[in-house]
$ cat my_file-v4.pdb   # PDB, C-alpha atoms
ATOM      1  CA  MET A   1    -124.472 -84.741 -53.659
ATOM      2  CA  PRO A   2    -123.062 -82.713 -50.704
ATOM      3  CA  GLU A   3    -121.308 -80.408 -53.151
ATOM      4  CA  ARG A   4    -124.542 -79.867 -55.070
ATOM      5  CA  ILE A   5    -126.326 -78.906 -51.864
ATOM      6  CA  PHE A   6    -123.477 -76.540 -51.027
ATOM      7  CA  GLN A   7    -123.688 -75.005 -54.504
ATOM      8  CA  LEU A   8    -127.384 -74.379 -53.922
ATOM      9  CA  MET A   9    -126.478 -72.640 -50.667
ATOM     10  CA  LEU A  10    -124.150 -70.385 -52.628
ATOM     11  CA  LEU A  11    -127.212 -68.829 -54.280
ATOM     12  CA  ALA A  12    -127.584 -66.789 -51.084
ATOM     13  CA  TYR A  13    -124.484 -64.764 -52.059
ATOM     14  CA  PRO A  14    -124.521 -61.813 -54.479
ATOM     15  CA  ARG A  15    -124.169 -62.845 -58.113
ATOM     16  CA  ASP A  16    -120.844 -61.058 -58.710
ATOM     17  CA  PHE A  17    -119.302 -62.598 -55.613
ATOM     18  CA  ARG A  18    -120.613 -66.020 -56.578
ATOM     19  CA  ARG A  19    -119.212 -65.693 -60.089
ATOM     20  CA  GLU A  20    -115.764 -64.759 -58.804
ATOM     21  CA  TYR A  21    -115.468 -66.960 -55.727
ATOM     22  CA  GLY A  22    -118.314 -69.519 -55.917
ATOM     23  CA  TRP A  23    -116.252 -72.263 -57.505
ATOM     24  CA  LEU A  24    -113.372 -71.610 -55.107
ATOM     25  CA  MET A  25    -115.724 -71.852 -52.150
ATOM     26  CA  ALA A  26    -117.127 -75.098 -53.549
ATOM     27  CA  GLN A  27    -113.567 -76.377 -53.981
ATOM     28  CA  VAL A  28    -112.734 -75.555 -50.348
ATOM     29  CA  PHE A  29    -115.950 -77.223 -49.207
ATOM     30  CA  ARG A  30    -115.057 -80.319 -51.255
ATOM     31  CA  ASP A  31    -111.639 -80.453 -49.568
ATOM     32  CA  CYS A  32    -113.235 -80.082 -46.140
ATOM     33  CA  HIS A  33    -115.799 -82.766 -46.967
ATOM     34  CA  ARG A  34    -113.064 -85.122 -48.114
ATOM     35  CA  ALA A  35    -111.154 -84.504 -44.866
ATOM     36  CA  ALA A  36    -114.326 -85.139 -42.853
ATOM     37  CA  GLN A  37    -114.672 -88.588 -44.414
ATOM     38  CA  LYS A  38    -111.588 -89.725 -42.525
ATOM     39  CA  GLY A  39    -111.922 -90.768 -38.870
ATOM     40  CA  ASN A  40    -115.278 -90.198 -37.153
ATOM     41  CA  LYS A  41    -117.237 -89.690 -40.343
ATOM     42  CA  THR A  42    -120.709 -88.885 -39.007
ATOM     43  CA  LEU A  43    -119.641 -86.420 -36.348
ATOM     44  CA  ALA A  44    -117.136 -84.662 -38.615
ATOM     45  CA  THR A  45    -119.659 -84.377 -41.449
ATOM     46  CA  ALA A  46    -122.326 -83.015 -39.090
ATOM     47  CA  ARG A  47    -119.829 -80.435 -37.794
ATOM     48  CA  LEU A  48    -118.869 -79.467 -41.320
ATOM     49  CA  TRP A  49    -122.494 -78.833 -42.330
ATOM     50  CA  LEU A  50    -123.192 -76.919 -39.152
ATOM     51  CA  ARG A  51    -120.164 -74.698 -39.800
ATOM     52  CA  ALA A  52    -121.196 -74.246 -43.444
ATOM     53  CA  VAL A  53    -124.692 -73.106 -42.442
ATOM     54  CA  VAL A  54    -123.424 -70.745 -39.719
ATOM     55  CA  ASP A  55    -120.867 -69.365 -42.175
ATOM     56  CA  LEU A  56    -123.577 -68.793 -44.778
ATOM     57  CA  ILE A  57    -125.781 -66.953 -42.271
ATOM     58  CA  LYS A  58    -122.829 -64.747 -41.270
ATOM     59  CA  ALA A  59    -121.112 -64.159 -44.591
ATOM     60  CA  ALA A  60    -123.937 -63.880 -47.166
ATOM     61  CA  PRO A  61    -125.623 -60.775 -45.628
ATOM     62  CA  GLN A  62    -122.177 -59.248 -45.181
ATOM     63  CA  GLU A  63    -121.416 -59.691 -48.897
ATOM     64  CA  HIS A  64    -124.782 -58.209 -49.865
ATOM     65  CA  TRP A  65    -124.047 -55.222 -47.647
ATOM     66  CA  HIS A  66    -120.582 -54.755 -49.148
ATOM     67  CA  ASN A  67    -122.069 -55.098 -52.600
ATOM     68  CA  LEU A  68    -124.583 -52.371 -51.823
ATOM     69  CA  ARG A  69    -121.885 -50.098 -50.469
ATOM     70  CA  LYS A  70    -119.518 -50.454 -53.419
ATOM     71  CA  ASP A  71    -117.900 -47.070 -53.855
ATOM     72  CA  ASP A  72    -117.032 -47.638 -57.493
ATOM     73  CA  SER A  73    -120.380 -46.120 -58.415
ATOM     74  CA  ILE A  74    -120.715 -42.928 -60.401
ATOM     75  CA  MET A  75    -122.033 -40.987 -57.465
ATOM     76  CA  ASN A  76    -118.729 -40.986 -55.598
ATOM     77  CA  ARG A  77    -117.617 -37.977 -57.652
ATOM     78  CA  THR A  78    -119.217 -34.764 -56.552
ATOM     79  CA  LEU A  79    -118.909 -32.915 -59.848
ATOM     80  CA  ARG A  80    -120.473 -35.765 -61.795
ATOM     81  CA  ASP A  81    -123.183 -36.102 -59.171
ATOM     82  CA  VAL A  82    -124.156 -32.459 -59.372
ATOM     83  CA  ILE A  83    -124.159 -32.532 -63.197
ATOM     84  CA  GLY A  84    -126.302 -35.677 -63.122
ATOM     85  CA  LEU A  85    -128.748 -34.271 -60.586
ATOM     86  CA  VAL A  86    -129.077 -30.877 -62.294
ATOM     87  CA  GLY A  87    -129.463 -32.574 -65.680
ATOM     88  CA  SER A  88    -132.224 -34.818 -64.337
ATOM     89  CA  LEU A  89    -134.073 -31.904 -62.755
ATOM     90  CA  VAL A  90    -133.815 -29.945 -66.024
ATOM     91  CA  ILE A  91    -135.379 -32.900 -67.888
ATOM     92  CA  ALA A  92    -138.175 -33.103 -65.297
ATOM     93  CA  ALA A  93    -138.767 -29.341 -65.414
ATOM     94  CA  ALA A  94    -138.805 -29.429 -69.246
ATOM     95  CA  ALA A  95    -141.516 -32.102 -69.100
ATOM     96  CA  PHE A  96    -143.580 -29.892 -66.756
ATOM     97  CA  VAL A  97    -143.125 -26.788 -68.950
ATOM     98  CA  LEU A  98    -144.077 -28.754 -72.078
ATOM     99  CA  LEU A  99    -147.163 -30.102 -70.358
ATOM    100  CA  GLY A 100    -148.148 -26.620 -69.102
ATOM    101  CA  TYR A 101    -147.729 -25.174 -72.601
ATOM    102  CA  ALA A 102    -149.835 -27.965 -74.138
ATOM    103  CA  ARG A 103    -152.635 -27.451 -71.611
ATOM    104  CA  LYS A 104    -152.632 -23.679 -72.057
ATOM    105  CA  HIS A 105    -152.682 -23.795 -75.851
ATOM    106  CA  ASP A 106    -154.599 -27.062 -76.120
ATOM    107  CA  VAL A 107    -151.921 -28.828 -78.206
ATOM    108  CA  GLN A 108    -153.445 -32.284 -78.694
ATOM    109  CA  ALA A 109    -150.229 -33.789 -80.070
ATOM    110  CA  ILE A 110    -148.551 -33.164 -76.727
ATOM    111  CA  LEU A 111    -151.592 -33.831 -74.548
ATOM    112  CA  THR A 112    -151.899 -37.406 -75.865
ATOM    113  CA  VAL A 113    -148.638 -38.151 -74.065
ATOM    114  CA  GLY A 114    -149.569 -35.862 -71.164
ATOM    115  CA  HIS A 115    -149.812 -38.704 -68.614
ATOM    116  CA  THR A 116    -146.301 -39.801 -69.501
ATOM    117  CA  LEU A 117    -144.892 -36.277 -69.254
ATOM    118  CA  ASP A 118    -146.602 -35.858 -65.907
ATOM    119  CA  ALA A 119    -145.175 -39.146 -64.622
ATOM    120  CA  LEU A 120    -141.717 -38.352 -66.020
ATOM    121  CA  ALA A 121    -141.649 -35.019 -64.228
ATOM    122  CA  THR A 122    -142.944 -36.165 -60.824
ATOM    123  CA  VAL A 123    -141.022 -39.445 -60.677
ATOM    124  CA  GLY A 124    -137.934 -37.638 -61.975
ATOM    125  CA  ILE A 125    -137.948 -34.894 -59.368
ATOM    126  CA  VAL A 126    -138.767 -37.071 -56.341
ATOM    127  CA  GLY A 127    -136.759 -40.113 -57.449
ATOM    128  CA  ASN A 128    -133.588 -38.240 -58.349
ATOM    129  CA  ILE A 129    -133.488 -36.265 -55.123
ATOM    130  CA  VAL A 130    -134.109 -39.384 -52.997
ATOM    131  CA  THR A 131    -131.507 -41.388 -54.955
ATOM    132  CA  PHE A 132    -128.934 -38.594 -54.700
ATOM    133  CA  LEU A 133    -129.436 -38.210 -50.943
ATOM    134  CA  LEU A 134    -129.364 -41.967 -50.330
ATOM    135  CA  VAL A 135    -126.194 -42.473 -52.351
ATOM    136  CA  LYS A 136    -124.451 -39.525 -50.732
ATOM    137  CA  ALA A 137    -125.545 -40.218 -47.168
ATOM    138  CA  ALA A 138    -125.237 -44.002 -47.084
ATOM    139  CA  LYS A 139    -122.664 -44.440 -49.902
ATOM    140  CA  LEU A 140    -124.878 -47.001 -51.601
ATOM    141  CA  ASN A 141    -124.236 -48.290 -55.092
ATOM    142  CA  ALA A 142    -125.870 -45.668 -57.334
ATOM    143  CA  VAL A 143    -127.433 -48.033 -59.873
ATOM    144  CA  ARG A 144    -128.929 -50.283 -57.227
ATOM    145  CA  ALA A 145    -130.167 -47.308 -55.235
ATOM    146  CA  ALA A 146    -131.707 -45.840 -58.423
ATOM    147  CA  LEU A 147    -133.418 -49.147 -59.217
ATOM    148  CA  TRP A 148    -135.070 -49.314 -55.793
ATOM    149  CA  CYS A 149    -135.798 -45.589 -55.472
ATOM    150  CA  PHE A 150    -137.423 -45.172 -58.883
ATOM    151  CA  GLY A 151    -139.321 -48.442 -58.419
ATOM    152  CA  VAL A 152    -140.703 -47.373 -55.065
ATOM    153  CA  VAL A 153    -141.345 -43.728 -56.069
ATOM    154  CA  ALA A 154    -143.072 -44.691 -59.333
ATOM    155  CA  GLY A 155    -145.127 -47.322 -57.501
ATOM    156  CA  LEU A 156    -146.202 -44.943 -54.723
ATOM    157  CA  LEU A 157    -147.063 -42.103 -57.110
ATOM    158  CA  PHE A 158    -149.001 -44.534 -59.288
ATOM    159  CA  ALA A 159    -150.965 -45.698 -56.237
ATOM    160  CA  LEU A 160    -151.621 -42.080 -55.249
ATOM    161  CA  VAL A 161    -152.858 -41.200 -58.741
ATOM    162  CA  ILE A 162    -155.173 -44.233 -58.720
ATOM    163  CA  VAL A 163    -156.724 -43.080 -55.423
ATOM    164  CA  VAL A 164    -156.995 -39.361 -56.291
ATOM    165  CA  GLY A 165    -157.306 -39.444 -60.103
ATOM    166  CA  GLY A 166    -160.227 -41.870 -60.100
ATOM    167  CA  ARG A 167    -162.261 -39.393 -58.044
ATOM    168  CA  VAL A 168    -161.446 -36.131 -59.814
ATOM    169  CA  ASP A 169    -161.010 -37.169 -63.455
ATOM    170  CA  PRO A 170    -164.039 -38.758 -65.186
ATOM    171  CA  GLN A 171    -161.831 -39.849 -68.130
ATOM    172  CA  PHE A 172    -159.353 -41.579 -65.805
ATOM    173  CA  SER A 173    -157.673 -44.575 -67.451
ATOM    174  CA  LEU A 174    -155.824 -47.032 -65.256
ATOM    175  CA  VAL A 175    -153.975 -48.575 -68.214
ATOM    176  CA  LYS A 176    -152.743 -45.226 -69.573
ATOM    177  CA  ILE A 177    -151.548 -44.117 -66.141
ATOM    178  CA  GLY A 178    -149.920 -47.487 -65.509
ATOM    179  CA  VAL A 179    -148.055 -47.341 -68.833
ATOM    180  CA  ALA A 180    -146.999 -43.735 -68.104
ATOM    181  CA  TYR A 181    -145.446 -44.676 -64.751
ATOM    182  CA  LEU A 182    -143.812 -47.757 -66.227
ATOM    183  CA  ILE A 183    -142.263 -45.606 -68.979
ATOM    184  CA  SER A 184    -141.088 -43.051 -66.427
ATOM    185  CA  PHE A 185    -139.480 -45.779 -64.318
ATOM    186  CA  VAL A 186    -137.715 -47.314 -67.336
ATOM    187  CA  PHE A 187    -136.628 -43.851 -68.546
ATOM    188  CA  TRP A 188    -135.107 -42.682 -65.253
ATOM    189  CA  PHE A 189    -133.555 -45.975 -64.272
ATOM    190  CA  GLY A 190    -132.214 -46.384 -67.814
ATOM    191  CA  LEU A 191    -130.683 -42.929 -67.648
ATOM    192  CA  HIS A 192    -128.929 -43.788 -64.375
ATOM    193  CA  TRP A 193    -127.748 -47.088 -65.788
ATOM    194  CA  ILE A 194    -126.338 -45.439 -68.918
ATOM    195  CA  TRP A 195    -124.747 -42.706 -66.799
ATOM    196  CA  ALA A 196    -123.105 -45.344 -64.620
ATOM    197  CA  ASN A 197    -121.839 -47.397 -67.528
ATOM    198  CA  ASN A 198    -120.416 -44.546 -69.570
ATOM    199  CA  ARG A 199    -117.751 -42.963 -67.444
ATOM    200  CA  THR A 200    -116.243 -39.978 -69.150
ATOM    201  CA  PRO A 201    -112.785 -38.585 -68.263
ATOM    202  CA  LEU A 202    -114.693 -36.246 -65.972
ATOM    203  CA  SER A 203    -114.821 -39.049 -63.427
ATOM    204  CA  ALA A 204    -111.045 -39.046 -63.193
ATOM    205  CA  ASN A 205    -110.959 -35.725 -61.338
TER
ATOM    206  CA  MET B   1    -111.048 -45.715 -52.230
ATOM    207  CA  VAL B   2    -109.202 -48.226 -50.109
ATOM    208  CA  SER B   3    -106.234 -48.629 -52.453
ATOM    209  CA  ARG B   4    -105.220 -44.992 -51.870
ATOM    210  CA  ARG B   5    -104.583 -45.698 -48.191
ATOM    211  CA  THR B   6    -100.977 -46.699 -47.858
ATOM    212  CA  GLU B   7    -100.493 -45.976 -44.168
ATOM    213  CA  PRO B   8    -100.780 -49.346 -42.401
ATOM    214  CA  GLU B   9    -102.326 -47.690 -39.336
ATOM    215  CA  SER B  10    -105.266 -46.489 -41.426
ATOM    216  CA  LEU B  11    -106.339 -50.124 -41.887
ATOM    217  CA  LEU B  12    -106.225 -51.020 -38.191
ATOM    218  CA  PRO B  13    -107.633 -52.675 -36.187
ATOM    219  CA  LEU B  14    -107.921 -55.805 -38.285
ATOM    220  CA  ARG B  15    -110.776 -58.239 -37.946
ATOM    221  CA  PRO B  16    -109.650 -61.511 -36.322
ATOM    222  CA  SER B  17    -110.305 -63.470 -39.534
ATOM    223  CA  VAL B  18    -108.237 -60.997 -41.579
ATOM    224  CA  PHE B  19    -105.422 -60.982 -39.009
ATOM    225  CA  HIS B  20    -105.224 -64.764 -39.045
ATOM    226  CA  ILE B  21    -105.297 -64.951 -42.848
ATOM    227  CA  LEU B  22    -102.374 -62.501 -43.072
ATOM    228  CA  LEU B  23    -100.554 -64.437 -40.371
ATOM    229  CA  ALA B  24    -101.103 -67.674 -42.294
ATOM    230  CA  LEU B  25     -99.595 -66.134 -45.428
ATOM    231  CA  CYS B  26     -96.496 -65.007 -43.538
ATOM    232  CA  ASP B  27     -94.684 -68.278 -44.204
ATOM    233  CA  GLY B  28     -95.414 -68.442 -47.912
ATOM    234  CA  ASP B  29     -98.043 -68.652 -50.620
ATOM    235  CA  LEU B  30    -101.154 -70.624 -49.829
ATOM    236  CA  HIS B  31    -104.457 -71.469 -51.507
ATOM    237  CA  GLY B  32    -107.841 -71.070 -49.821
ATOM    238  CA  TYR B  33    -107.979 -74.481 -48.199
ATOM    239  CA  GLY B  34    -104.325 -74.154 -47.144
ATOM    240  CA  ILE B  35    -105.111 -70.843 -45.428
ATOM    241  CA  MET B  36    -108.079 -72.450 -43.697
ATOM    242  CA  GLN B  37    -105.934 -75.306 -42.375
ATOM    243  CA  GLU B  38    -103.095 -73.012 -41.321
ATOM    244  CA  VAL B  39    -105.485 -70.729 -39.395
ATOM    245  CA  SER B  40    -107.091 -73.711 -37.698
ATOM    246  CA  GLU B  41    -103.647 -75.039 -36.788
ATOM    247  CA  HIS B  42    -102.120 -71.865 -35.386
ATOM    248  CA  THR B  43    -105.226 -71.080 -33.341
ATOM    249  CA  ALA B  44    -105.381 -74.690 -32.041
ATOM    250  CA  GLY B  45    -108.757 -75.114 -33.734
ATOM    251  CA  GLN B  46    -110.297 -72.084 -32.038
ATOM    252  CA  ILE B  47    -110.841 -70.265 -35.314
ATOM    253  CA  ARG B  48    -112.217 -72.239 -38.211
ATOM    254  CA  LEU B  49    -112.943 -70.073 -41.210
ATOM    255  CA  GLY B  50    -115.907 -71.023 -43.338
ATOM    256  CA  PRO B  51    -115.686 -70.684 -47.152
ATOM    257  CA  GLY B  52    -117.836 -67.514 -47.184
ATOM    258  CA  THR B  53    -115.882 -65.753 -44.441
ATOM    259  CA  LEU B  54    -112.595 -66.833 -46.009
ATOM    260  CA  TYR B  55    -113.307 -65.621 -49.541
ATOM    261  CA  GLY B  56    -115.122 -62.497 -48.330
ATOM    262  CA  ALA B  57    -111.959 -61.562 -46.424
ATOM    263  CA  ILE B  58    -109.730 -62.547 -49.361
ATOM    264  CA  LYS B  59    -111.761 -60.353 -51.700
ATOM    265  CA  ARG B  60    -111.300 -57.321 -49.447
ATOM    266  CA  LEU B  61    -107.620 -58.076 -48.856
ATOM    267  CA  LEU B  62    -107.104 -58.182 -52.637
ATOM    268  CA  ASN B  63    -108.974 -54.887 -52.987
ATOM    269  CA  ASP B  64    -106.845 -53.306 -50.282
ATOM    270  CA  ARG B  65    -103.738 -54.784 -51.930
ATOM    271  CA  LEU B  66    -102.635 -56.505 -48.752
ATOM    272  CA  ILE B  67    -102.405 -59.768 -50.677
ATOM    273  CA  ILE B  68    -102.070 -60.656 -54.353
ATOM    274  CA  GLU B  69    -102.920 -63.661 -56.421
ATOM    275  CA  VAL B  70     -99.890 -65.535 -57.756
ATOM    276  CA  ASP B  71     -99.497 -67.836 -60.729
ATOM    277  CA  GLU B  72     -96.569 -69.854 -59.404
ATOM    278  CA  ARG B  73     -97.340 -73.163 -57.722
ATOM    279  CA  PRO B  74     -95.169 -74.461 -54.854
ATOM    280  CA  ASP B  75     -95.432 -77.948 -56.312
ATOM    281  CA  PRO B  76     -97.343 -78.073 -59.597
ATOM    282  CA  GLU B  77     -97.410 -81.870 -59.649
ATOM    283  CA  LEU B  78     -99.171 -82.133 -56.327
ATOM    284  CA  ASP B  79    -101.644 -79.365 -56.889
ATOM    285  CA  ASP B  80    -104.839 -78.852 -58.764
ATOM    286  CA  GLU B  81    -104.065 -76.256 -61.433
ATOM    287  CA  ARG B  82    -107.337 -74.507 -60.813
ATOM    288  CA  ARG B  83    -106.412 -73.528 -57.285
ATOM    289  CA  ARG B  84    -105.651 -69.891 -56.659
ATOM    290  CA  TYR B  85    -102.653 -69.063 -54.531
ATOM    291  CA  TYR B  86    -102.313 -65.886 -52.504
ATOM    292  CA  ARG B  87     -99.218 -63.993 -51.370
ATOM    293  CA  LEU B  88     -98.691 -61.333 -48.733
ATOM    294  CA  THR B  89     -97.618 -57.980 -50.232
ATOM    295  CA  ASP B  90     -95.211 -55.490 -48.659
ATOM    296  CA  LEU B  91     -98.161 -53.401 -47.589
ATOM    297  CA  GLY B  92     -99.815 -56.512 -46.154
ATOM    298  CA  GLU B  93     -96.680 -57.298 -44.155
ATOM    299  CA  ARG B  94     -96.471 -53.730 -42.840
ATOM    300  CA  VAL B  95    -100.139 -53.828 -41.846
ATOM    301  CA  LEU B  96     -99.656 -57.174 -40.105
ATOM    302  CA  LYS B  97     -96.613 -55.862 -38.202
ATOM    303  CA  ALA B  98     -98.496 -52.731 -37.180
ATOM    304  CA  GLU B  99    -101.378 -54.864 -35.912
ATOM    305  CA  VAL B 100     -99.008 -57.130 -33.966
ATOM    306  CA  ARG B 101     -97.411 -54.002 -32.420
ATOM    307  CA  ARG B 102    -100.852 -52.678 -31.505
ATOM    308  CA  ILE B 103    -101.808 -55.971 -29.856
ATOM    309  CA  SER B 104     -98.435 -56.169 -28.053
ATOM    310  CA  GLU B 105     -98.974 -52.705 -26.603
ATOM    311  CA  MET B 106    -102.400 -53.761 -25.335
ATOM    312  CA  VAL B 107    -100.879 -56.879 -23.791
ATOM    313  CA  SER B 108     -98.186 -54.709 -22.099
ATOM    314  CA  VAL B 109    -100.879 -52.523 -20.569
ATOM    315  CA  ALA B 110    -102.709 -55.618 -19.322
ATOM    316  CA  GLN B 111     -99.448 -56.906 -17.812
ATOM    317  CA  ARG B 112     -98.761 -53.593 -16.082
ATOM    318  CA  LYS B 113    -102.243 -53.748 -14.609
ATOM    319  CA  ARG B 114    -101.473 -57.309 -13.527
ATOM    320  CA  LEU B 115    -104.377 -58.734 -15.457
ATOM    321  CA  ILE B 116    -102.018 -61.293 -16.948
ATOM    322  CA  PRO B 117     -98.609 -62.419 -15.668
ATOM    323  CA  LYS B 118     -95.433 -61.047 -17.282
ATOM    324  CA  PRO B 119     -93.576 -63.638 -19.332
ATOM    325  CA  ARG B 120     -90.517 -65.122 -17.584
ATOM    326  CA  THR B 121     -87.220 -64.058 -19.152
TER
END
$ encode --input "my_file-v4.pdb" --output "structure tokens"
Amino acid sequence: MPERIFQLMLLAYPRDFRREYGWLMAQVFRDCHRAAQKGNKTLATARLWLRAVVDLIKAAPQEHWHNLRKDDSIMNRTLRDVIGLVGSLVIAAAAFVLLGYARKHDVQAILTVGHTLDALATVGIVGNIVTFLLVKAAKLNAVRAALWCFGVVAGLLFALVIVVGGRVDPQFSLVKIGVAYLISFVFWFGLHWIWANNRTPLSAN
Amino acid sequence: MVSRRTEPESLLPLRPSVFHILLALCDGDLHGYGIMQEVSEHTAGQIRLGPGTLYGAIKRLLNDRLIIEVDERPDPELDDERRRYYRLTDLGERVLKAEVRRISEMVSVAQRKRLIPKPRT
């Protein structure tokens, strides 16, 4: 029973850390618990739990912070970073150009996915710049930073479009816009994830 | 990347928990609980490492290559096979010595300023 409670407490640690050291921590706790059963049982057990809770409060946030600051992310290589950022901005700009062309020449085939192109371009430009700056300035893990940045940027832009678009566009469709921002989030985060998980020899510079 | 730093001074000052873990491993290989007991013993119970602090420090010491995991068991019959034993590396020993030197110098300054008495020879 005490070990089960301790294992529940371990959920406060990052998953990777838990996977690597969780069972070892549980083993150490078991040893400590066994030692506490000798002598003054109640007092020793109370002390053990108190120490375990204090340790959890101290160590779990520290592990989350270290996890966030892992420098084995893709963005610790300047050349790769610049290629990634420029590539992303080119994709966003291409979406804008395509959308502009479709509007000018009234190309319905493109305009049907116009909301998505719009979302791809805006989320791409803002999200990539914010992610790049955050990763460079605070040395955060690039994939995690991308997840949060694109989530927040897509969410905020979506909210902004709901407020403004509803007033200016009579054919405004909440579902279409929502799907467009969801696609843009999945696209950009997916791109970062793939970029992070496919390290080319370029990263060895 | 931490592993590129080979100058012991670049890793100083050490956190108290890290210092005591390295000190505990000075006498030989130990597993997590063994380290915990050794630290508690040589600090007269003043420092008691919790499992999270202990393995958080061990993880970073492994990353920095100050310690390594070893397969050999001091006494396989007495020990649970699933335990992981840790050993101080050469770099770990150099870092520990550098930290001890740093602390000794601080103690010397304190002695010169008569904050603490000089040890009797």
$ resolve_selection --input "my_file-v4.pdb" --expression "the PyMOL selection byres ((chain A) within 6 of (chain B))" --output "PyMOL selection string"
chain A and resi 25+28+55+59
$ atom_distance --input "my_file-v4.pdb" --atom1 "CA of Leu24 in chain A" --atom2 "CA of Gly39 in chain A"
25.2 Å
$ residues_around --input "my_file-v4.pdb" --residues "range 110-119 of chain A" --least-positions-apart "2" --cutoff "9 Å" --atoms "all atoms listed in the file" --output "number ranges by chain"
A: 92, 95-96, 98-99, 102-103, 106-108, 121-124, 154, 157-158, 176-177, 179-185
$ resolve_selection --input "my_file-v4.pdb" --expression "the PyMOL selection byres ((chain A and resi 13) around 12)" --output "PDB file with C-alpha atoms, in the frame of the given file"
ATOM      1  CA  PHE A   6    -123.477 -76.540 -51.027  1.00  0.00           C
ATOM      2  CA  GLN A   7    -123.688 -75.005 -54.504  1.00  0.00           C
ATOM      3  CA  LEU A   8    -127.384 -74.379 -53.922  1.00  0.00           C
ATOM      4  CA  MET A   9    -126.478 -72.640 -50.667  1.00  0.00           C
ATOM      5  CA  LEU A  10    -124.150 -70.385 -52.628  1.00  0.00           C
ATOM      6  CA  LEU A  11    -127.212 -68.829 -54.280  1.00  0.00           C
ATOM      7  CA  ALA A  12    -127.584 -66.789 -51.084  1.00  0.00           C
ATOM      8  CA  PRO A  14    -124.521 -61.813 -54.479  1.00  0.00           C
ATOM      9  CA  ARG A  15    -124.169 -62.845 -58.113  1.00  0.00           C
ATOM     10  CA  ASP A  16    -120.844 -61.058 -58.710  1.00  0.00           C
ATOM     11  CA  PHE A  17    -119.302 -62.598 -55.613  1.00  0.00           C
ATOM     12  CA  ARG A  18    -120.613 -66.020 -56.578  1.00  0.00           C
ATOM     13  CA  ARG A  19    -119.212 -65.693 -60.089  1.00  0.00           C
ATOM     14  CA  GLU A  20    -115.764 -64.759 -58.804  1.00  0.00           C
ATOM     15  CA  TYR A  21    -115.468 -66.960 -55.727  1.00  0.00           C
ATOM     16  CA  GLY A  22    -118.314 -69.519 -55.917  1.00  0.00           C
ATOM     17  CA  MET A  25    -115.724 -71.852 -52.150  1.00  0.00           C
ATOM     18  CA  ASP A  55    -120.867 -69.365 -42.175  1.00  0.00           C
ATOM     19  CA  LEU A  56    -123.577 -68.793 -44.778  1.00  0.00           C
ATOM     20  CA  ILE A  57    -125.781 -66.953 -42.271  1.00  0.00           C
ATOM     21  CA  LYS A  58    -122.829 -64.747 -41.270  1.00  0.00           C
ATOM     22  CA  ALA A  59    -121.112 -64.159 -44.591  1.00  0.00           C
ATOM     23  CA  ALA A  60    -123.937 -63.880 -47.166  1.00  0.00           C
ATOM     24  CA  PRO A  61    -125.623 -60.775 -45.628  1.00  0.00           C
ATOM     25  CA  GLN A  62    -122.177 -59.248 -45.181  1.00  0.00           C
ATOM     26  CA  GLU A  63    -121.416 -59.691 -48.897  1.00  0.00           C
ATOM     27  CA  HIS A  64    -124.782 -58.209 -49.865  1.00  0.00           C
ATOM     28  CA  TRP A  65    -124.047 -55.222 -47.647  1.00  0.00           C
ATOM     29  CA  HIS A  66    -120.582 -54.755 -49.148  1.00  0.00           C
ATOM     30  CA  ASN A  67    -122.069 -55.098 -52.600  1.00  0.00           C
TER      31      ASN A  67
ATOM     32  CA  PRO B  51    -115.686 -70.684 -47.152  1.00  0.00           C
ATOM     33  CA  GLY B  52    -117.836 -67.514 -47.184  1.00  0.00           C
ATOM     34  CA  THR B  53    -115.882 -65.753 -44.441  1.00  0.00           C
ATOM     35  CA  TYR B  55    -113.307 -65.621 -49.541  1.00  0.00           C
ATOM     36  CA  GLY B  56    -115.122 -62.497 -48.330  1.00  0.00           C
TER      37      GLY B  56
END
$ closest_residue --input "my_file-v4.pdb" --among "B:Leu91, B:Leu66, B:Ile47, B:Ile35" --to "Pro16 in chain B" --atoms "only C-alpha atoms"
B:Ile47
$ resolve_selection --input "my_file-v4.pdb" --expression "the PyMOL selection byres ((chain A and resi 189) around 9)" --output "ChimeraX atom specification"
/A:143,146-147,150-151,184-188,190-194
$ write_last_selection --input "my_file-v4.pdb" --atoms "C-alpha atoms" --output "PDB file, in the coordinates of the input"
ATOM      1  CA  VAL A 143    -127.433 -48.033 -59.873  1.00  0.00           C
ATOM      2  CA  ALA A 146    -131.707 -45.840 -58.423  1.00  0.00           C
ATOM      3  CA  LEU A 147    -133.418 -49.147 -59.217  1.00  0.00           C
ATOM      4  CA  PHE A 150    -137.423 -45.172 -58.883  1.00  0.00           C
ATOM      5  CA  GLY A 151    -139.321 -48.442 -58.419  1.00  0.00           C
ATOM      6  CA  SER A 184    -141.088 -43.051 -66.427  1.00  0.00           C
ATOM      7  CA  PHE A 185    -139.480 -45.779 -64.318  1.00  0.00           C
ATOM      8  CA  VAL A 186    -137.715 -47.314 -67.336  1.00  0.00           C
ATOM      9  CA  PHE A 187    -136.628 -43.851 -68.546  1.00  0.00           C
ATOM     10  CA  TRP A 188    -135.107 -42.682 -65.253  1.00  0.00           C
ATOM     11  CA  GLY A 190    -132.214 -46.384 -67.814  1.00  0.00           C
ATOM     12  CA  LEU A 191    -130.683 -42.929 -67.648  1.00  0.00           C
ATOM     13  CA  HIS A 192    -128.929 -43.788 -64.375  1.00  0.00           C
ATOM     14  CA  TRP A 193    -127.748 -47.088 -65.788  1.00  0.00           C
ATOM     15  CA  ILE A 194    -126.338 -45.439 -68.918  1.00  0.00           C
TER      16      ILE A 194
END
$ closest_residue --input "my_file-v4.pdb" --among "B:Lys118, B:Val107, B:Leu14, B:Gly28" --to "Tyr85 in chain B" --atoms "all atoms listed in the file"
B:Gly28
